[in-house]
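Please read the structure below before turning to the comments.
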Amino acid sequence: MKQSHHPIVNLKKNDCILFTDRELVEKSIQDTSFFACLYQRYENKLLRYIHHISNVSQEEALDILQESFIKIWKNLNDFDTDLSFSSWVYRIVHHQTISDWRKSVSYGKNKTVDFETHLMHTSNEEYTSLVDEKEKKVLLLINQLPENYKAVLVLKYFEEKNYEEISDILKIPEGTVATYLNRAKKSFEALAQKQQITFFD
Amino acid sequence: MDNFDKILEKIETQNIEPTPRWYFQFKNLAFWSVFLVSIFIGSIAFSIILYSVQQTDFVLISHLKHSKMESFLVLLPYFWLILLLVFSLLAFFSFKNFKKAYKYSLVSILSLSVFLSIILGCLTFISGGAQFLERKFADKIEIYNSIEEKKIQHWMQPDSGFLAGTILEVKIDTLVLEDFNQIKWQIYFKDVFIPPVIEITEGEQIKIMGEKTKEGYFVAREIRPWKAFGKSNQHGRKNK
């Protein structure tokens, strides 16, 4: 069955809320209007997540999101219904972000900016407005942690995911999630102490 | 142009279609098949290792002239050990590609692969499958030295004090033995250790440790059954 390659052609924008993620996945294969619903539903959350785990600019974050959604499109038939769609898209976006981040570091392109500068000057107003002073401090510290620790802390405390969801997103056992989280909190506290950063007035 | 329009444009211009469901199903089936075949081959390897250990006389080590470690290393069934290792690893890597594999730790996955091979291997060994398969393997592959052949090589060294064959005749303190090269030997076996599992009677296959006194004559120090485990001295009896 040939799909329409135009967004929200067969579907009004507000109609998206009528469908669950799973229904949208099934319908997306036949009609990209439904795929647009999925994109709209997750765009902001995923952009925020990309920013939280990497130092990329808003433009680069949008590129990562584009690449991720093309992967999601290609792999729609591989979506495991035992898994929540949210965990599946977070997993794809996580891998895409880390992979792009590593490439930019290993090729010495270093397009990324210092995290503090990034937080101060990012053009994504919507994003920066959400980041209050306390959150900035936390993110500054989290950004200095190793990749795995950073990911579990962001998923747990910014994305409010439970252990099972984090396990599904990062593809690690739940026991390992607990271990990483425990170590990440300790490293975070040690860093905060070392840099004399406090979170209470 | 918003970001989703760009995604759609890319999908259209590059004509990107969702990968068909059968491709993913085939991939999953392939990993499952590799996993099951690896476990199966691993279990055969393990059963033949058990058979090999059963057939190998590790007691020989203390009687051999080489160092104990060297002799022990010579007696190990390397081919089957390597096969077990390779297929356990293959089972491990194919399991790792299962959709839910990440829920298990690497140690649990590796343990499961080895455990399944061991359980199935024990069952194959107990049912006699190991001996059958090992013989079939030796028949089909010329360069492969069967466990039985290796065993014969070890025990057909009368000058080094090892002799094996079939009993042709039994007298009071001596017996006539035809070795695996169809050479007849007069065996003197007074005051010799004989495990209870063997009967010194015509047609019995035995292996003997002792000393060659002259061509065709051998003084036994210890007699063991050819086909089963040798037993320790305290469980044996003396021929007086």
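We label chains A, B, ... in the order they appear in the structure tokens, count residues from 1 in each chain, and number ligands from 1 in the order shown.
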**Message:** Set the distance at 10 Å and use only C-alpha atoms: which residues neighbour Leu112 (chain B) once local chain neighbours fewer than 2 positions away are removed? I'd like the list as a ChimeraX atom specification.
**Reply:** /B:39,88,91-92,95,106-110,114-118
**10 Å contact set for Leu81 (chain B), only C-alpha atoms, chain neighbours under 6 positions out, as an NGL selection string** = :B and (42 or 45-46 or 48-49)
Could the residues in this selection be saved with N, CA and C atoms as a compact mmCIF listing (two decimals), in the first residue's frame?
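Now in result38.txt:
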# COMPACT_ATOMS: atom_id res chain seq x y z
N GLY B 42 27.92 -27.76 20.64
CA GLY B 42 28.64 -27.65 21.92
C GLY B 42 28.35 -28.83 22.82
N ALA B 45 30.21 -31.85 21.60
CA ALA B 45 31.62 -31.72 21.97
C ALA B 45 31.80 -32.06 23.45
N PHE B 46 30.89 -31.56 24.29
CA PHE B 46 31.03 -31.82 25.73
C PHE B 46 30.85 -33.32 26.03
N ILE B 48 31.54 -35.79 24.10
CA ILE B 48 32.73 -36.54 23.66
C ILE B 48 33.92 -36.25 24.60
N ILE B 49 33.94 -35.05 25.16
CA ILE B 49 35.00 -34.76 26.16
C ILE B 49 34.80 -35.69 27.36
**Request:** as a VMD selection string, please: all residues of region 17-186 of chain B that backbone DSSP puts in strand (DSSP E or B).
**Result:** chain B and resid 157 162 to 170 174 to 179 184 to 186
Selection to disk with C-alpha atoms, as a PDB file, in the first residue's frame:
ATOM      1  CA  GLN B 157      54.154 -49.785  24.310  1.00  0.00           C
ATOM      2  CA  PHE B 162      52.184 -50.851  28.818  1.00  0.00           C
ATOM      3  CA  LEU B 163      50.345 -53.675  27.094  1.00  0.00           C
ATOM      4  CA  ALA B 164      46.724 -54.338  26.132  1.00  0.00           C
ATOM      5  CA  GLY B 165      44.712 -56.958  24.312  1.00  0.00           C
ATOM      6  CA  THR B 166      42.313 -59.898  24.656  1.00  0.00           C
ATOM      7  CA  ILE B 167      42.788 -62.853  27.008  1.00  0.00           C
ATOM      8  CA  LEU B 168      43.058 -66.102  25.056  1.00  0.00           C
ATOM      9  CA  GLU B 169      43.841 -68.536  27.888  1.00  0.00           C
ATOM     10  CA  VAL B 170      44.083 -68.397  31.690  1.00  0.00           C
ATOM     11  CA  THR B 174      49.871 -66.819  33.874  1.00  0.00           C
ATOM     12  CA  LEU B 175      47.634 -65.981  30.994  1.00  0.00           C
ATOM     13  CA  VAL B 176      47.982 -65.782  27.230  1.00  0.00           C
ATOM     14  CA  LEU B 177      47.128 -62.417  25.747  1.00  0.00           C
ATOM     15  CA  GLU B 178      46.742 -61.398  22.124  1.00  0.00           C
ATOM     16  CA  ASP B 179      47.570 -57.706  21.779  1.00  0.00           C
ATOM     17  CA  LYS B 184      50.663 -63.347  21.569  1.00  0.00           C
ATOM     18  CA  TRP B 185      52.165 -62.717  25.001  1.00  0.00           C
ATOM     19  CA  GLN B 186      52.694 -64.870  28.086  1.00  0.00           C
TER      20      GLN B 186
END
Near chain A, 6 Å: chain B residue rows, closest pairs, only C-alpha atoms, as JSON lines:
{"residue": "B:Ile7", "atom": "CA", "partner": "A:Gln66", "partner_atom": "CA", "distance": 5.8}
{"residue": "B:Pro18", "atom": "CA", "partner": "A:Lys74", "partner_atom": "CA", "distance": 4.0}
{"residue": "B:Thr19", "atom": "CA", "partner": "A:Lys74", "partner_atom": "CA", "distance": 5.4}
{"residue": "B:Arg21", "atom": "CA", "partner": "A:Asn77", "partner_atom": "CA", "distance": 5.0}
{"residue": "B:Tyr102", "atom": "CA", "partner": "A:Ile172", "partner_atom": "CA", "distance": 5.1}
{"residue": "B:Lys103", "atom": "CA", "partner": "A:Pro173", "partner_atom": "CA", "distance": 4.2}
{"residue": "B:Tyr104", "atom": "CA", "partner": "A:Pro173", "partner_atom": "CA", "distance": 5.6}
Could you write out the selected residues, including N, CA and C atoms, as a PDB file, in the first residue's frame?
ATOM      1  N   ILE B   7      12.303  15.833   7.120  1.00  0.00           N
ATOM      2  CA  ILE B   7      12.353  14.373   7.213  1.00  0.00           C
ATOM      3  C   ILE B   7      11.571  13.754   6.053  1.00  0.00           C
ATOM      4  N   PRO B  18      10.024   1.686   4.731  1.00  0.00           N
ATOM      5  CA  PRO B  18      10.274   0.856   5.922  1.00  0.00           C
ATOM      6  C   PRO B  18      10.760  -0.537   5.494  1.00  0.00           C
ATOM      7  N   THR B  19      11.774  -1.025   6.172  1.00  0.00           N
ATOM      8  CA  THR B  19      12.303  -2.365   5.863  1.00  0.00           C
ATOM      9  C   THR B  19      11.186  -3.385   6.111  1.00  0.00           C
ATOM     10  N   ARG B  21       8.791  -6.453   7.118  1.00  0.00           N
ATOM     11  CA  ARG B  21       8.735  -7.241   8.368  1.00  0.00           C
ATOM     12  C   ARG B  21       9.469  -8.579   8.239  1.00  0.00           C
ATOM     13  N   TYR B 102      19.633  -7.885  26.224  1.00  0.00           N
ATOM     14  CA  TYR B 102      20.256  -6.874  27.085  1.00  0.00           C
ATOM     15  C   TYR B 102      19.744  -6.937  28.525  1.00  0.00           C
ATOM     16  N   LYS B 103      18.634  -7.633  28.721  1.00  0.00           N
ATOM     17  CA  LYS B 103      18.084  -7.718  30.081  1.00  0.00           C
ATOM     18  C   LYS B 103      18.924  -8.643  30.963  1.00  0.00           C
ATOM     19  N   TYR B 104      19.797  -9.407  30.326  1.00  0.00           N
ATOM     20  CA  TYR B 104      20.626 -10.350  31.086  1.00  0.00           C
ATOM     21  C   TYR B 104      22.078  -9.892  31.062  1.00  0.00           C
TER      22      TYR B 104
END
**Item:** Close residues, region 146-151 of chain A itself excluded, 10 Å, only C-alpha atoms, min 4 positions apart in chain, as an MDAnalysis selection string
**Value:** chainID A and resid 49 52:54 94 98 139 141:142 155:156 166 169:170 177 179:185 187:188
Just N, CA, C and O atoms for this one: save the residues we selected as a compact mmCIF listing (two decimals), in the first residue's frame.
# COMPACT_ATOMS: atom_id res chain seq x y z
N TYR A 49 16.18 15.86 25.46
CA TYR A 49 17.06 14.76 25.84
C TYR A 49 18.42 14.85 25.13
O TYR A 49 19.46 14.69 25.74
N HIS A 52 20.45 17.41 26.75
CA HIS A 52 20.90 17.02 28.09
C HIS A 52 22.09 16.06 28.06
O HIS A 52 22.91 16.08 28.95
N ILE A 53 22.14 15.20 27.04
CA ILE A 53 23.25 14.23 27.05
C ILE A 53 24.41 14.63 26.13
O ILE A 53 25.41 13.93 26.05
N SER A 54 24.26 15.75 25.41
CA SER A 54 25.38 16.18 24.56
C SER A 54 25.49 17.70 24.57
O SER A 54 24.58 18.38 25.01
N HIS A 94 19.07 8.11 21.49
CA HIS A 94 20.27 8.03 22.35
C HIS A 94 21.47 7.55 21.52
O HIS A 94 22.53 8.17 21.55
N ILE A 98 24.83 9.74 20.66
CA ILE A 98 26.16 9.30 21.11
C ILE A 98 27.05 9.05 19.90
O ILE A 98 28.23 9.45 19.90
N LEU A 139 23.03 20.38 35.40
CA LEU A 139 23.46 19.94 34.06
C LEU A 139 24.95 20.14 33.84
O LEU A 139 25.61 19.33 33.20
N LEU A 141 27.24 19.92 36.06
CA LEU A 141 27.95 18.83 36.75
C LEU A 141 27.74 17.50 36.02
O LEU A 141 28.70 16.76 35.80
N ILE A 142 26.50 17.24 35.64
CA ILE A 142 26.19 15.98 34.94
C ILE A 142 27.04 15.85 33.68
O ILE A 142 27.53 14.78 33.34
N LEU A 155 18.06 10.37 32.33
CA LEU A 155 16.82 9.60 32.11
C LEU A 155 15.99 9.50 33.39
O LEU A 155 14.78 9.59 33.37
N LYS A 156 16.70 9.34 34.50
CA LYS A 156 15.97 9.16 35.77
C LYS A 156 15.38 10.49 36.28
O LYS A 156 14.21 10.54 36.65
N ILE A 166 14.65 2.76 31.61
CA ILE A 166 16.07 3.11 31.39
C ILE A 166 16.80 1.88 30.83
O ILE A 166 17.62 1.98 29.91
N ILE A 169 15.93 1.57 27.23
CA ILE A 169 16.52 2.64 26.40
C ILE A 169 18.01 2.41 26.20
O ILE A 169 18.52 2.47 25.09
N LEU A 170 18.72 2.11 27.30
CA LEU A 170 20.18 1.98 27.20
C LEU A 170 20.62 0.55 26.87
O LEU A 170 21.80 0.30 26.68
N VAL A 177 21.54 -0.73 35.68
CA VAL A 177 20.96 0.63 35.78
C VAL A 177 21.11 1.10 37.23
O VAL A 177 21.58 2.21 37.49
N THR A 179 23.16 0.03 39.52
CA THR A 179 24.58 0.24 39.87
C THR A 179 25.08 1.56 39.31
O THR A 179 25.72 2.35 40.01
N TYR A 180 24.80 1.81 38.02
CA TYR A 180 25.25 3.06 37.39
C TYR A 180 24.66 4.28 38.12
O TYR A 180 25.35 5.27 38.34
N LEU A 181 23.38 4.15 38.48
CA LEU A 181 22.70 5.27 39.11
C LEU A 181 23.33 5.58 40.47
O LEU A 181 23.58 6.74 40.81
N ASN A 182 23.62 4.52 41.19
CA ASN A 182 24.24 4.67 42.49
C ASN A 182 25.62 5.32 42.38
O ASN A 182 25.93 6.29 43.07
N ARG A 183 26.41 4.82 41.43
CA ARG A 183 27.77 5.37 41.23
C ARG A 183 27.69 6.80 40.69
O ARG A 183 28.49 7.65 41.07
N ALA A 184 26.72 7.03 39.80
CA ALA A 184 26.59 8.36 39.19
C ALA A 184 26.26 9.39 40.26
O ALA A 184 26.80 10.50 40.27
N LYS A 185 25.38 9.00 41.21
CA LYS A 185 25.00 9.95 42.28
C LYS A 185 26.21 10.28 43.15
O LYS A 185 26.42 11.43 43.52
N SER A 187 29.40 10.10 42.24
CA SER A 187 30.33 10.94 41.45
C SER A 187 29.82 12.36 41.37
O SER A 187 30.59 13.32 41.45
N PHE A 188 28.50 12.50 41.22
CA PHE A 188 27.88 13.82 41.13
C PHE A 188 28.13 14.60 42.43
O PHE A 188 28.55 15.76 42.40
**Message:** What's the separation between CA of Ile82 (chain B) and CA of Gly121 (chain B), in Å to one decimal place?
**Reply:**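 These two atoms are separated by 15.1 Å.
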**Prompt:** Skipping near chain neighbours, those fewer than 4 positions away, what residues fall within 8 Å of Asn28 (chain B) using only C-alpha atoms, listed as a list in words?
**Reply:**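 Counting only the stated atoms, we get Phe24, Trp32 and Phe98 of chain B.
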**Prompt:** Using the chain letters and numbers from this document, which residues of region 40-239 of chain B does DSSP assign to alpha helix (DSSP H), as a PyMOL selection string?
**Reply:** chain B and resi 40-55+68-75+78-96+106-126+129-140+147-155
**Prompt:** Residues at most 9 Å from Phe125 (chain B), counting only C-alpha atoms, excluding those fewer than 5 positions away in the same chain, as a list in words?
**Reply:** Ile44, Phe46, Ser47, Ile48, Leu50, Tyr51, Leu120, Ala130 and Gln131 of chain B
**Request:** Could you give me, as a list in words, the residues within 10 Å of Val37 (chain B), counting only C-alpha atoms and dropping anything in the same chain fewer than 6 positions from it?
**Result:**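 My reading of the contact set: Phe31, Ser43, Phe87, Leu90 and Ala91 of chain B.
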With N, CA, C and O atoms retained, could you export that selection as a PDB file, in the first residue's frame?
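Generated file (result.pdb):
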ATOM      1  N   PHE B  31      19.349 -15.790  13.997  1.00  0.00           N
ATOM      2  CA  PHE B  31      20.075 -15.769  15.274  1.00  0.00           C
ATOM      3  C   PHE B  31      19.658 -16.945  16.157  1.00  0.00           C
ATOM      4  O   PHE B  31      20.497 -17.561  16.809  1.00  0.00           O
ATOM      5  N   SER B  43      27.088 -29.275  22.828  1.00  0.00           N
ATOM      6  CA  SER B  43      26.724 -30.397  23.706  1.00  0.00           C
ATOM      7  C   SER B  43      27.355 -31.700  23.212  1.00  0.00           C
ATOM      8  O   SER B  43      27.796 -32.523  24.014  1.00  0.00           O
ATOM      9  N   PHE B  87      31.911 -23.020  19.919  1.00  0.00           N
ATOM     10  CA  PHE B  87      30.451 -23.010  19.787  1.00  0.00           C
ATOM     11  C   PHE B  87      29.756 -22.391  20.999  1.00  0.00           C
ATOM     12  O   PHE B  87      28.658 -21.859  20.868  1.00  0.00           O
ATOM     13  N   LEU B  90      29.967 -18.809  20.077  1.00  0.00           N
ATOM     14  CA  LEU B  90      29.010 -18.525  19.001  1.00  0.00           C
ATOM     15  C   LEU B  90      27.585 -18.448  19.563  1.00  0.00           C
ATOM     16  O   LEU B  90      26.811 -17.551  19.200  1.00  0.00           O
ATOM     17  N   ALA B  91      27.253 -19.364  20.473  1.00  0.00           N
ATOM     18  CA  ALA B  91      25.927 -19.344  21.118  1.00  0.00           C
ATOM     19  C   ALA B  91      25.772 -18.037  21.898  1.00  0.00           C
ATOM     20  O   ALA B  91      24.729 -17.381  21.842  1.00  0.00           O
TER      21      ALA B  91
END
